[in-house]
file final36.pdb (PDB, C-alpha atoms and all ligand atoms)
MODEL        1
ATOM      1  CA  MET M 264       0.000   0.000   0.000  1.00  0.00           C
ATOM      2  CA  ILE M 265       1.238   3.503  -0.684  1.00  0.00           C
ATOM      3  CA  PHE M 266       0.837   6.555   1.524  1.00  0.00           C
ATOM      4  CA  SER M 267       3.310   9.419   1.794  1.00  0.00           C
ATOM      5  CA  GLU M 268       6.439   8.871   3.881  1.00  0.00           C
ATOM      6  CA  PRO M 269       6.408  10.310   7.435  1.00  0.00           C
ATOM      7  CA  PRO M 270       9.392  12.516   8.385  1.00  0.00           C
ATOM      8  CA  PRO M 271      12.242  10.862  10.358  1.00  0.00           C
ATOM      9  CA  THR M 272      11.948  10.869  14.173  1.00  0.00           C
ATOM     10  CA  GLN M 273      14.335  10.067  17.029  1.00  0.00           C
ATOM     11  CA  GLY M 274      12.218   7.003  17.872  1.00  0.00           C
ATOM     12  CA  ASP M 275      12.813   5.404  14.443  1.00  0.00           C
ATOM     13  CA  LEU M 276      14.235   1.895  14.389  1.00  0.00           C
ATOM     14  CA  HIS M 277      16.727   1.197  11.579  1.00  0.00           C
ATOM     15  CA  PHE M 278      17.974  -2.138  10.246  1.00  0.00           C
ATOM     16  CA  ARG M 279      18.780  -3.881   6.963  1.00  0.00           C
ATOM     17  CA  ILE M 280      17.223  -7.022   5.517  1.00  0.00           C
ATOM     18  CA  PHE M 281      18.665  -8.666   2.365  1.00  0.00           C
ATOM     19  CA  GLY M 282      20.726  -5.485   1.982  1.00  0.00           C
ATOM     20  CA  ILE M 283      17.582  -3.291   1.878  1.00  0.00           C
ATOM     21  CA  PRO M 284      17.445  -0.479   4.490  1.00  0.00           C
ATOM     22  CA  VAL M 285      14.325  -0.567   6.709  1.00  0.00           C
ATOM     23  CA  ARG M 286      13.051   2.298   8.886  1.00  0.00           C
ATOM     24  CA  VAL M 287      10.267   1.671  11.423  1.00  0.00           C
ATOM     25  CA  HIS M 288       8.381   4.803  12.521  1.00  0.00           C
ATOM     26  CA  PRO M 289       7.120   4.739  16.172  1.00  0.00           C
ATOM     27  CA  PHE M 290       3.458   5.073  14.999  1.00  0.00           C
ATOM     28  CA  PHE M 291       3.791   1.654  13.352  1.00  0.00           C
ATOM     29  CA  TRP M 292       3.993  -0.013  16.799  1.00  0.00           C
ATOM     30  CA  LEU M 293       1.323   2.274  18.224  1.00  0.00           C
ATOM     31  CA  VAL M 294      -1.312   1.572  15.532  1.00  0.00           C
ATOM     32  CA  SER M 295      -0.575  -2.162  15.557  1.00  0.00           C
ATOM     33  CA  LEU M 296      -1.034  -2.189  19.342  1.00  0.00           C
ATOM     34  CA  ILE M 297      -4.313  -0.220  19.141  1.00  0.00           C
ATOM     35  CA  ILE M 298      -5.721  -2.731  16.603  1.00  0.00           C
ATOM     36  CA  ALA M 299      -4.602  -5.656  18.811  1.00  0.00           C
ATOM     37  CA  LEU M 300      -6.200  -4.094  21.914  1.00  0.00           C
ATOM     38  CA  GLN M 301      -9.609  -3.536  20.272  1.00  0.00           C
ATOM     39  CA  GLY M 302     -11.102  -6.314  22.416  1.00  0.00           C
ATOM     40  CA  SER M 303     -11.577  -5.095  26.009  1.00  0.00           C
ATOM     41  CA  SER M 304      -9.845  -8.064  27.661  1.00  0.00           C
ATOM     42  CA  THR M 305      -7.272  -9.094  25.063  1.00  0.00           C
ATOM     43  CA  PRO M 306      -4.625 -11.314  26.731  1.00  0.00           C
ATOM     44  CA  PRO M 307      -0.973 -10.175  26.273  1.00  0.00           C
ATOM     45  CA  ALA M 308      -0.094 -13.383  24.357  1.00  0.00           C
ATOM     46  CA  VAL M 309      -2.781 -12.564  21.749  1.00  0.00           C
ATOM     47  CA  VAL M 310      -1.504  -8.977  21.441  1.00  0.00           C
ATOM     48  CA  LEU M 311       2.067 -10.238  20.985  1.00  0.00           C
ATOM     49  CA  SER M 312       0.976 -12.823  18.408  1.00  0.00           C
ATOM     50  CA  TRP M 313      -0.899 -10.185  16.401  1.00  0.00           C
ATOM     51  CA  ASN M 314       2.044  -7.775  16.473  1.00  0.00           C
ATOM     52  CA  VAL M 315       4.518 -10.458  15.376  1.00  0.00           C
ATOM     53  CA  ALA M 316       2.194 -11.439  12.512  1.00  0.00           C
ATOM     54  CA  VAL M 317       1.751  -7.791  11.445  1.00  0.00           C
ATOM     55  CA  VAL M 318       5.486  -6.976  11.468  1.00  0.00           C
ATOM     56  CA  VAL M 319       6.471 -10.145   9.591  1.00  0.00           C
ATOM     57  CA  SER M 320       3.625  -9.888   7.058  1.00  0.00           C
ATOM     58  CA  ILE M 321       4.038  -6.199   6.213  1.00  0.00           C
ATOM     59  CA  LEU M 322       7.790  -6.657   5.927  1.00  0.00           C
ATOM     60  CA  ILE M 323       7.306  -9.581   3.506  1.00  0.00           C
ATOM     61  CA  HIS M 324       4.796  -7.537   1.474  1.00  0.00           C
ATOM     62  CA  GLU M 325       7.210  -4.589   1.191  1.00  0.00           C
ATOM     63  CA  LEU M 326      10.153  -6.913   0.458  1.00  0.00           C
ATOM     64  CA  GLY M 327       8.106  -8.265  -2.468  1.00  0.00           C
ATOM     65  CA  HIS M 328       7.899  -4.722  -3.884  1.00  0.00           C
ATOM     66  CA  ALA M 329      11.547  -3.993  -3.042  1.00  0.00           C
ATOM     67  CA  PHE M 330      12.968  -7.130  -4.713  1.00  0.00           C
ATOM     68  CA  VAL M 331      11.246  -6.274  -8.004  1.00  0.00           C
ATOM     69  CA  GLN M 332      12.300  -2.621  -7.651  1.00  0.00           C
ATOM     70  CA  ARG M 333      15.887  -3.842  -7.278  1.00  0.00           C
ATOM     71  CA  HIS M 334      15.400  -6.082 -10.320  1.00  0.00           C
ATOM     72  CA  TYR M 335      14.476  -2.929 -12.267  1.00  0.00           C
ATOM     73  CA  GLY M 336      17.707  -1.207 -11.333  1.00  0.00           C
ATOM     74  CA  GLY M 337      16.574   0.679  -8.244  1.00  0.00           C
ATOM     75  CA  GLN M 338      18.007   0.989  -4.756  1.00  0.00           C
ATOM     76  CA  PRO M 339      14.827   0.601  -2.704  1.00  0.00           C
ATOM     77  CA  ARG M 340      14.300   1.294   0.988  1.00  0.00           C
ATOM     78  CA  ILE M 341      11.400   0.240   3.195  1.00  0.00           C
ATOM     79  CA  VAL M 342       9.483   2.393   5.681  1.00  0.00           C
ATOM     80  CA  LEU M 343       6.974   0.886   8.127  1.00  0.00           C
ATOM     81  CA  HIS M 344       4.623   3.593   9.428  1.00  0.00           C
ATOM     82  CA  GLY M 345       1.266   4.039  11.148  1.00  0.00           C
ATOM     83  CA  MET M 346      -0.763   3.247   8.012  1.00  0.00           C
ATOM     84  CA  GLY M 347       1.253   0.186   6.909  1.00  0.00           C
ATOM     85  CA  GLY M 348       4.395   0.117   4.821  1.00  0.00           C
ATOM     86  CA  LEU M 349       6.147   1.694   1.868  1.00  0.00           C
ATOM     87  CA  ALA M 350       8.816   0.426  -0.506  1.00  0.00           C
ATOM     88  CA  ILE M 351      10.382   3.617  -1.827  1.00  0.00           C
ATOM     89  CA  CYS M 352      12.462   3.702  -4.975  1.00  0.00           C
ATOM     90  CA  GLY M 353      13.359   6.971  -6.643  1.00  0.00           C
ATOM     91  CA  ASP M 354      15.566   5.494  -9.356  1.00  0.00           C
ATOM     92  CA  CYS M 355      13.444   2.547 -10.581  1.00  0.00           C
ATOM     93  CA  GLU M 356      12.418   1.971 -14.193  1.00  0.00           C
ATOM     94  CA  ARG M 357       9.196   3.930 -14.892  1.00  0.00           C
ATOM     95  CA  SER M 358       7.793   1.700 -17.668  1.00  0.00           C
ATOM     96  CA  SER M 359       4.200   0.437 -17.236  1.00  0.00           C
ATOM     97  CA  ARG M 360       5.414  -3.162 -17.177  1.00  0.00           C
ATOM     98  CA  ALA M 361       7.917  -2.417 -14.381  1.00  0.00           C
ATOM     99  CA  GLN M 362       5.368  -0.438 -12.350  1.00  0.00           C
ATOM    100  CA  ILE M 363       2.682  -3.158 -12.691  1.00  0.00           C
ATOM    101  CA  LEU M 364       5.083  -5.937 -11.655  1.00  0.00           C
ATOM    102  CA  ILE M 365       6.409  -3.858  -8.724  1.00  0.00           C
ATOM    103  CA  SER M 366       2.818  -3.244  -7.505  1.00  0.00           C
ATOM    104  CA  LEU M 367       1.748  -6.896  -7.876  1.00  0.00           C
ATOM    105  CA  ALA M 368       4.879  -8.206  -6.118  1.00  0.00           C
ATOM    106  CA  GLY M 369       3.698  -7.021  -2.666  1.00  0.00           C
ATOM    107  CA  PRO M 370       0.383  -8.942  -2.474  1.00  0.00           C
ATOM    108  CA  PHE M 371       1.874 -11.979  -4.251  1.00  0.00           C
ATOM    109  CA  ALA M 372       4.793 -12.117  -1.786  1.00  0.00           C
ATOM    110  CA  GLY M 373       2.106 -12.433   0.935  1.00  0.00           C
ATOM    111  CA  PHE M 374       0.262 -15.195  -0.987  1.00  0.00           C
ATOM    112  CA  LEU M 375       3.552 -17.055  -1.441  1.00  0.00           C
ATOM    113  CA  PHE M 376       4.312 -16.721   2.276  1.00  0.00           C
ATOM    114  CA  ALA M 377       0.800 -18.038   3.158  1.00  0.00           C
ATOM    115  CA  ALA M 378       1.370 -20.991   0.793  1.00  0.00           C
ATOM    116  CA  LEU M 379       4.709 -21.759   2.493  1.00  0.00           C
ATOM    117  CA  ILE M 380       2.989 -21.670   5.917  1.00  0.00           C
ATOM    118  CA  ALA M 381       0.298 -24.026   4.582  1.00  0.00           C
ATOM    119  CA  ILE M 382       3.015 -26.417   3.338  1.00  0.00           C
ATOM    120  CA  ALA M 383       4.736 -26.208   6.753  1.00  0.00           C
ATOM    121  CA  VAL M 384       1.418 -27.046   8.492  1.00  0.00           C
ATOM    122  CA  ALA M 385       0.868 -30.019   6.149  1.00  0.00           C
ATOM    123  CA  LEU M 386       4.450 -31.240   6.778  1.00  0.00           C
ATOM    124  CA  THR M 387       3.687 -31.457  10.519  1.00  0.00           C
ATOM    125  CA  GLY M 388       1.004 -34.038   9.660  1.00  0.00           C
ATOM    126  CA  HIS M 389      -1.917 -31.678  10.346  1.00  0.00           C
ATOM    127  CA  GLN M 390      -4.777 -31.621   7.872  1.00  0.00           C
ATOM    128  CA  LEU M 391      -5.376 -28.407   5.984  1.00  0.00           C
ATOM    129  CA  GLY M 392      -7.653 -27.526   3.128  1.00  0.00           C
ATOM    130  CA  LEU M 393     -10.274 -25.358   1.458  1.00  0.00           C
ATOM    131  CA  PHE M 394     -13.925 -26.117   2.191  1.00  0.00           C
ATOM    132  CA  THR M 395     -17.217 -24.636   1.090  1.00  0.00           C
ATOM    133  CA  ALA M 396     -19.201 -25.761   4.159  1.00  0.00           C
ATOM    134  CA  THR M 397     -20.308 -22.852   6.330  1.00  0.00           C
ATOM    135  CA  GLU M 398     -19.868 -24.786   9.577  1.00  0.00           C
ATOM    136  CA  PRO M 399     -16.217 -25.699  10.233  1.00  0.00           C
ATOM    137  CA  ASP M 400     -15.570 -29.319  11.181  1.00  0.00           C
ATOM    138  CA  ILE M 401     -14.840 -29.683  14.917  1.00  0.00           C
ATOM    139  CA  ALA M 402     -11.476 -31.326  14.160  1.00  0.00           C
ATOM    140  CA  PHE M 403     -10.317 -28.027  12.671  1.00  0.00           C
ATOM    141  CA  ASP M 404      -9.297 -24.854  14.413  1.00  0.00           C
ATOM    142  CA  PRO M 405     -12.496 -22.767  14.554  1.00  0.00           C
ATOM    143  CA  ARG M 406     -10.631 -19.603  13.547  1.00  0.00           C
ATOM    144  CA  GLY M 407     -10.309 -20.654   9.892  1.00  0.00           C
ATOM    145  CA  LEU M 408     -10.259 -17.924   7.286  1.00  0.00           C
ATOM    146  CA  ARG M 409     -13.404 -17.349   5.224  1.00  0.00           C
ATOM    147  CA  LEU M 410     -13.234 -15.595   1.870  1.00  0.00           C
ATOM    148  CA  LEU M 411     -16.037 -15.446  -0.726  1.00  0.00           C
ATOM    149  CA  GLY M 412     -17.810 -18.455   0.784  1.00  0.00           C
ATOM    150  CA  VAL M 413     -14.677 -20.639   0.950  1.00  0.00           C
ATOM    151  CA  TRP M 414     -13.116 -21.637   4.287  1.00  0.00           C
ATOM    152  CA  LEU M 415      -9.401 -22.207   4.756  1.00  0.00           C
ATOM    153  CA  LEU M 416      -9.255 -24.629   7.678  1.00  0.00           C
ATOM    154  CA  TRP M 417      -6.455 -26.418   9.477  1.00  0.00           C
ATOM    155  CA  GLU M 418      -6.446 -29.142  12.079  1.00  0.00           C
ATOM    156  CA  ALA M 419      -5.984 -27.456  15.458  1.00  0.00           C
ATOM    157  CA  PHE M 420      -2.548 -27.654  17.101  1.00  0.00           C
ATOM    158  CA  PRO M 421      -2.389 -28.473  20.836  1.00  0.00           C
ATOM    159  CA  SER M 422      -0.854 -25.046  21.495  1.00  0.00           C
ATOM    160  CA  PRO M 423      -3.379 -22.162  21.385  1.00  0.00           C
ATOM    161  CA  GLN M 424      -0.469 -19.773  20.640  1.00  0.00           C
ATOM    162  CA  VAL M 425       0.374 -21.685  17.431  1.00  0.00           C
ATOM    163  CA  ASN M 426      -3.288 -21.602  16.330  1.00  0.00           C
ATOM    164  CA  GLU M 427      -3.476 -17.887  17.119  1.00  0.00           C
ATOM    165  CA  LEU M 428      -0.327 -17.093  15.136  1.00  0.00           C
ATOM    166  CA  LEU M 429      -1.448 -19.248  12.173  1.00  0.00           C
ATOM    167  CA  SER M 430      -4.832 -17.546  12.167  1.00  0.00           C
ATOM    168  CA  ASN M 431      -3.229 -14.083  12.189  1.00  0.00           C
ATOM    169  CA  LEU M 432      -0.671 -14.922   9.485  1.00  0.00           C
ATOM    170  CA  PHE M 433      -3.273 -16.433   7.122  1.00  0.00           C
ATOM    171  CA  PHE M 434      -5.673 -13.564   7.796  1.00  0.00           C
ATOM    172  CA  ILE M 435      -3.160 -10.785   7.094  1.00  0.00           C
ATOM    173  CA  ASN M 436      -1.340 -12.375   4.160  1.00  0.00           C
ATOM    174  CA  ILE M 437      -4.374 -13.670   2.254  1.00  0.00           C
ATOM    175  CA  LEU M 438      -7.192 -11.266   3.075  1.00  0.00           C
ATOM    176  CA  TRP M 439      -5.075  -8.117   3.069  1.00  0.00           C
ATOM    177  CA  GLY M 440      -3.381  -9.263  -0.160  1.00  0.00           C
ATOM    178  CA  VAL M 441      -6.759  -9.682  -1.876  1.00  0.00           C
ATOM    179  CA  ILE M 442      -7.965  -6.265  -0.628  1.00  0.00           C
ATOM    180  CA  ASN M 443      -4.703  -4.699  -1.804  1.00  0.00           C
ATOM    181  CA  LEU M 444      -5.390  -5.926  -5.339  1.00  0.00           C
ATOM    182  CA  LEU M 445      -8.660  -3.952  -5.605  1.00  0.00           C
ATOM    183  CA  PRO M 446      -8.367  -1.132  -8.187  1.00  0.00           C
ATOM    184  CA  ILE M 447      -8.527   1.564  -5.506  1.00  0.00           C
ATOM    185  CA  TYR M 448      -5.986   4.313  -4.689  1.00  0.00           C
ATOM    186  CA  PRO M 449      -3.716   4.135  -2.719  1.00  0.00           C
ATOM    187  CA  LEU M 450      -3.837   0.305  -2.720  1.00  0.00           C
ATOM    188  CA  ASP M 451      -1.459  -1.629  -4.984  1.00  0.00           C
ATOM    189  CA  GLY M 452      -4.370  -2.569  -7.275  1.00  0.00           C
ATOM    190  CA  GLY M 453      -5.064   1.153  -7.783  1.00  0.00           C
ATOM    191  CA  HIS M 454      -1.572   1.597  -9.211  1.00  0.00           C
ATOM    192  CA  VAL M 455      -1.981  -1.455 -11.470  1.00  0.00           C
ATOM    193  CA  ALA M 456      -5.325  -0.032 -12.691  1.00  0.00           C
ATOM    194  CA  ARG M 457      -3.679   3.346 -13.405  1.00  0.00           C
ATOM    195  CA  GLU M 458      -0.965   1.746 -15.560  1.00  0.00           C
ATOM    196  CA  LEU M 459      -3.609  -0.311 -17.438  1.00  0.00           C
ATOM    197  CA  CYS M 460      -5.800   2.788 -17.992  1.00  0.00           C
ATOM    198  CA  LEU M 461      -2.799   4.669 -19.384  1.00  0.00           C
ATOM    199  CA  PHE M 462      -2.381   2.108 -22.193  1.00  0.00           C
ATOM    200  CA  GLY M 463      -3.604   3.698 -25.409  1.00  0.00           C
ATOM    201  CA  ALA M 464      -4.843   6.850 -23.666  1.00  0.00           C
ATOM    202  CA  ASP M 465      -3.259  10.221 -22.950  1.00  0.00           C
ATOM    203  CA  SER M 466      -2.171  10.613 -19.335  1.00  0.00           C
ATOM    204  CA  ARG M 467      -5.050  12.916 -18.326  1.00  0.00           C
ATOM    205  CA  THR M 468      -7.788  10.633 -19.758  1.00  0.00           C
ATOM    206  CA  GLY M 469      -6.084   7.547 -18.281  1.00  0.00           C
ATOM    207  CA  MET M 470      -5.760   9.110 -14.828  1.00  0.00           C
ATOM    208  CA  ILE M 471      -9.392  10.285 -14.805  1.00  0.00           C
ATOM    209  CA  LEU M 472     -10.615   6.806 -15.830  1.00  0.00           C
ATOM    210  CA  SER M 473      -8.518   5.104 -13.116  1.00  0.00           C
ATOM    211  CA  LEU M 474      -9.806   7.580 -10.489  1.00  0.00           C
ATOM    212  CA  ARG M 475     -13.424   6.894 -11.538  1.00  0.00           C
ATOM    213  CA  ILE M 476     -12.805   3.141 -11.223  1.00  0.00           C
ATOM    214  CA  SER M 477     -11.230   3.786  -7.789  1.00  0.00           C
ATOM    215  CA  ILE M 478     -14.217   5.825  -6.542  1.00  0.00           C
ATOM    216  CA  PHE M 479     -16.763   3.290  -7.844  1.00  0.00           C
ATOM    217  CA  THR M 480     -14.939   0.279  -6.337  1.00  0.00           C
ATOM    218  CA  ALA M 481     -14.298   2.033  -3.006  1.00  0.00           C
ATOM    219  CA  ILE M 482     -17.998   2.985  -2.678  1.00  0.00           C
ATOM    220  CA  ALA M 483     -18.997  -0.616  -3.513  1.00  0.00           C
ATOM    221  CA  MET M 484     -16.609  -1.905  -0.802  1.00  0.00           C
ATOM    222  CA  ALA M 485     -17.919   0.651   1.733  1.00  0.00           C
ATOM    223  CA  LEU M 486     -21.452  -0.668   1.004  1.00  0.00           C
ATOM    224  CA  VAL M 487     -20.188  -4.238   1.567  1.00  0.00           C
ATOM    225  CA  GLY M 488     -18.799  -3.014   4.910  1.00  0.00           C
ATOM    226  CA  LEU M 489     -22.144  -1.394   5.720  1.00  0.00           C
ATOM    227  CA  SER M 490     -24.076  -4.596   4.973  1.00  0.00           C
ATOM    228  CA  SER M 491     -21.686  -6.616   7.166  1.00  0.00           C
ATOM    229  CA  GLN M 492     -21.781  -3.897   9.877  1.00  0.00           C
ATOM    230  CA  SER M 493     -18.030  -3.369   9.861  1.00  0.00           C
ATOM    231  CA  LEU M 494     -17.345   0.255  10.795  1.00  0.00           C
ATOM    232  CA  PHE M 495     -13.614  -0.167  10.024  1.00  0.00           C
ATOM    233  CA  VAL M 496     -14.339  -1.293   6.433  1.00  0.00           C
ATOM    234  CA  VAL M 497     -16.871   1.526   5.897  1.00  0.00           C
ATOM    235  CA  LEU M 498     -14.466   4.192   7.204  1.00  0.00           C
ATOM    236  CA  MET M 499     -11.437   2.884   5.299  1.00  0.00           C
ATOM    237  CA  PHE M 500     -13.150   2.574   1.896  1.00  0.00           C
ATOM    238  CA  GLY M 501     -15.202   5.721   2.517  1.00  0.00           C
ATOM    239  CA  TYR M 502     -11.925   7.588   3.015  1.00  0.00           C
ATOM    240  CA  PHE M 503     -10.404   6.018  -0.139  1.00  0.00           C
ATOM    241  CA  ALA M 504     -13.498   7.029  -2.178  1.00  0.00           C
ATOM    242  CA  TYR M 505     -13.307  10.573  -0.799  1.00  0.00           C
ATOM    243  CA  SER M 506      -9.574  11.001  -1.464  1.00  0.00           C
ATOM    244  CA  SER M 507      -9.940   9.622  -5.017  1.00  0.00           C
ATOM    245  CA  TYR M 508     -12.831  12.038  -5.584  1.00  0.00           C
ATOM    246  CA  LYS M 509     -10.729  14.989  -4.384  1.00  0.00           C
ATOM    247  CA  THR M 510      -7.878  13.950  -6.711  1.00  0.00           C
ATOM    248  CA  LEU M 511     -10.364  13.579  -9.589  1.00  0.00           C
ATOM    249  CA  GLU M 512     -11.690  17.091  -8.936  1.00  0.00           C
ATOM    250  CA  ALA M 513      -8.129  18.433  -9.006  1.00  0.00           C
ATOM    251  CA  TYR M 514      -7.501  16.685 -12.365  1.00  0.00           C
ATOM    252  CA  ARG M 515     -10.717  18.026 -13.825  1.00  0.00           C
ATOM    253  CA  ALA M 516      -9.867  21.549 -12.674  1.00  0.00           C
ATOM    254  CA  SER M 517      -6.348  21.373 -14.107  1.00  0.00           C
ATOM    255  CA  LEU M 518      -5.606  22.245 -17.704  1.00  0.00           C
ATOM    256  CA  TRP M 519      -3.135  19.393 -18.296  1.00  0.00           C
TER     257      TRP M 519
HETATM  258 ZN    ZN M 601       1.993  -2.823  -1.430  1.00  0.00          ZN
ENDMDL
END
call {"tool": "encode", "arguments": {"input": "final36.pdb", "output": "structure tokens"}}
result
Amino acid sequence: MIFSEPPPTQGDLHFRIFGIPVRVHPFFWLVSLIIALQGSSTPPAVVLSWNVAVVVSILIHELGHAFVQRHYGGQPRIVLHGMGGLAICGDCERSSRAQILISLAGPFAGFLFAALIAIAVALTGHQLGLFTATEPDIAFDPRGLRLLGVWLLWEAFPSPQVNELLSNLFFINILWGVINLLPIYPLDGGHVARELCLFGADSRTGMILSLRISIFTAIAMALVGLSSQSLFVVLMFGYFAYSSYKTLEAYRASLW
């Protein structure tokens, strides 16, 4: 996902992974903690499990972007901030093909990671699979992930901490990856849609079309959130629709 980079602070954590510099802004920990503490009596082990899953998953997502940016000749750096992560590359190839592959690499790195976890679960001798039944089998961990009527279920491990971590990792890497592919700014799918809309069109027409697609899709997702009574989904997609609308207005008003 792409938001603007927050300015450096004294509380920033710096490290390198696979030679790529990473900066973690203090708000990253704060927001992750707030999300984990949403339940009134969340046990510390659950909070820790959620935070570990968030850090690992967002880092893998951004590394996906960064590896492809490096492939296209850039020297990327990663910033984890209050609204997620950024893989920043000022010197990357600007071709549509490069930009599309860079955008897709984030969500697909998460899908690959989820597949590797699934293989690891299967290698331990635990059953795992996709089911269309609405009621999970009692042999499976009840926290399975449901997406578009399909359940991802795994046989429960004796340790509740392992089940909790698996649930969080599958949830973040699969569900957030799918959401990130929607053609909505500033999600990765929004940037893919922009590059596709720019094919065969001048930049102004292409941008306006991609912003219209973004507004339409974001409103549709906000309505989905409304029907499932999820305030978080309504607010997030409502904000995306609003910001795309404001950008569209600015494009319309400009003479480019
Ligand atoms: Zn991304």
call {"tool": "residues_near_point", "arguments": {"input": "final36.pdb", "point": "(0.5, -14.1, 18.2)", "cutoff": "9 Å", "atoms": "only C-alpha atoms", "output": "list of chain:residue names"}}
result
M:Ala308, M:Val309, M:Val310, M:Leu311, M:Ser312, M:Trp313, M:Asn314, M:Val315, M:Ala316, M:Gln424, M:Val425, M:Asn426, M:Glu427, M:Leu428, M:Leu429, M:Ser430, M:Asn431, M:Leu432
call {"tool": "residues_near_ligand", "arguments": {"input": "final36.pdb", "ligand": "ligand ZN 601 (chain M)", "cutoff": "9 Å", "atoms": "all atoms listed in the file", "output": "PyMOL selection string"}}
result
chain M and resi 264-265+321+324-325+327-328+347-350+365-370+440+443-444+450-452
call {"tool": "write_last_selection", "arguments": {"input": "final36.pdb", "atoms": "C-alpha atoms", "output": "compact mmCIF listing (two decimals), in the coordinates of the input"}}
result
# COMPACT_ATOMS: atom_id res chain seq x y z
CA MET M 264 0.00 0.00 0.00
CA ILE M 265 1.24 3.50 -0.68
CA ILE M 321 4.04 -6.20 6.21
CA HIS M 324 4.80 -7.54 1.47
CA GLU M 325 7.21 -4.59 1.19
CA GLY M 327 8.11 -8.26 -2.47
CA HIS M 328 7.90 -4.72 -3.88
CA GLY M 347 1.25 0.19 6.91
CA GLY M 348 4.39 0.12 4.82
CA LEU M 349 6.15 1.69 1.87
CA ALA M 350 8.82 0.43 -0.51
CA ILE M 365 6.41 -3.86 -8.72
CA SER M 366 2.82 -3.24 -7.50
CA LEU M 367 1.75 -6.90 -7.88
CA ALA M 368 4.88 -8.21 -6.12
CA GLY M 369 3.70 -7.02 -2.67
CA PRO M 370 0.38 -8.94 -2.47
CA GLY M 440 -3.38 -9.26 -0.16
CA ASN M 443 -4.70 -4.70 -1.80
CA LEU M 444 -5.39 -5.93 -5.34
CA LEU M 450 -3.84 0.30 -2.72
CA ASP M 451 -1.46 -1.63 -4.98
CA GLY M 452 -4.37 -2.57 -7.28
call {"tool": "closest_residue", "arguments": {"input": "final36.pdb", "among": "M:Ala419, M:Ile471, M:Ala377, M:Val317", "to": "Ala516 of chain M", "atoms": "all atoms listed in the file"}}
result
M:Ile471
call {"tool": "residues_around", "arguments": {"input": "final36.pdb", "residues": "segment 332-334 of chain M", "least_positions_apart": "4", "cutoff": "12 Å", "atoms": "all atoms listed in the file", "output": "JSON, numbers by chain"}}
result
{"M": [281, 282, 283, 325, 326, 327, 328, 338, 339, 340, 341, 350, 351, 352, 353, 354, 355, 356, 357, 358, 360, 361, 362, 363, 364, 365, 366, 367, 368, 369]}
call {"tool": "closest_residue", "arguments": {"input": "final36.pdb", "among": "M:Gly392, M:Pro307, M:Gly373, M:Ser359", "to": "Arg457 of chain M", "atoms": "all atoms listed in the file"}}
result
M:Ser359
call {"tool": "residues_around", "arguments": {"input": "final36.pdb", "residues": "Gly345 of chain M", "least_positions_apart": "2", "cutoff": "6 Å", "atoms": "all atoms listed in the file", "output": "list in words"}}
result
Phe290, Phe291, Val294 and Gly347 of chain M
call {"tool": "closest_residue", "arguments": {"input": "final36.pdb", "among": "M:Met346, M:Val285, M:Leu379, M:Leu293", "to": "Pro449 of chain M", "atoms": "only C-alpha atoms"}}
result
M:Met346
call {"tool": "resolve_selection", "arguments": {"input": "final36.pdb", "expression": "the PyMOL selection byres (((chain M and resi 486) around 12) and not hetatm)", "output": "PyMOL selection string"}}
result
chain M and resi 479-485+487-501+504
call {"tool": "residues_around", "arguments": {"input": "final36.pdb", "residues": "His277 of chain M", "least_positions_apart": "2", "cutoff": "7 Å", "atoms": "only C-alpha atoms", "output": "ChimeraX atom specification"}}
result
/M:275,285-287
call {"tool": "atom_distance", "arguments": {"input": "final36.pdb", "atom1": "atom CA of Ile323 of chain M", "atom2": "atom CA of Val455 of chain M"}}
result
19.4 Å
call {"tool": "closest_residue", "arguments": {"input": "final36.pdb", "among": "M:Pro421, M:Gly463, M:Tyr448, M:Phe278", "to": "Leu511 of chain M", "atoms": "all atoms listed in the file"}}
result
M:Tyr448
call {"tool": "residues_around", "arguments": {"input": "final36.pdb", "residues": "Arg515 of chain M", "least_positions_apart": "3", "cutoff": "12 Å", "atoms": "all atoms listed in the file", "output": "number ranges by chain"}}
result
M: 467-468, 470-472, 474-475, 508-512, 518-519
call {"tool": "write_last_selection", "arguments": {"input": "final36.pdb", "atoms": "C-alpha atoms", "output": "CSV table (one decimal), in the coordinates of the input"}}
result
chain,number,residue,atom,x,y,z
M,467,ARG,CA,-5.0,12.9,-18.3
M,468,THR,CA,-7.8,10.6,-19.8
M,470,MET,CA,-5.8,9.1,-14.8
M,471,ILE,CA,-9.4,10.3,-14.8
M,472,LEU,CA,-10.6,6.8,-15.8
M,474,LEU,CA,-9.8,7.6,-10.5
M,475,ARG,CA,-13.4,6.9,-11.5
M,508,TYR,CA,-12.8,12.0,-5.6
M,509,LYS,CA,-10.7,15.0,-4.4
M,510,THR,CA,-7.9,14.0,-6.7
M,511,LEU,CA,-10.4,13.6,-9.6
M,512,GLU,CA,-11.7,17.1,-8.9
M,518,LEU,CA,-5.6,22.2,-17.7
M,519,TRP,CA,-3.1,19.4,-18.3
call {"tool": "atom_distance", "arguments": {"input": "final36.pdb", "atom1": "atom CA of Leu391 of chain M", "atom2": "atom CA of Ile435 of chain M"}}
result
17.8 Å
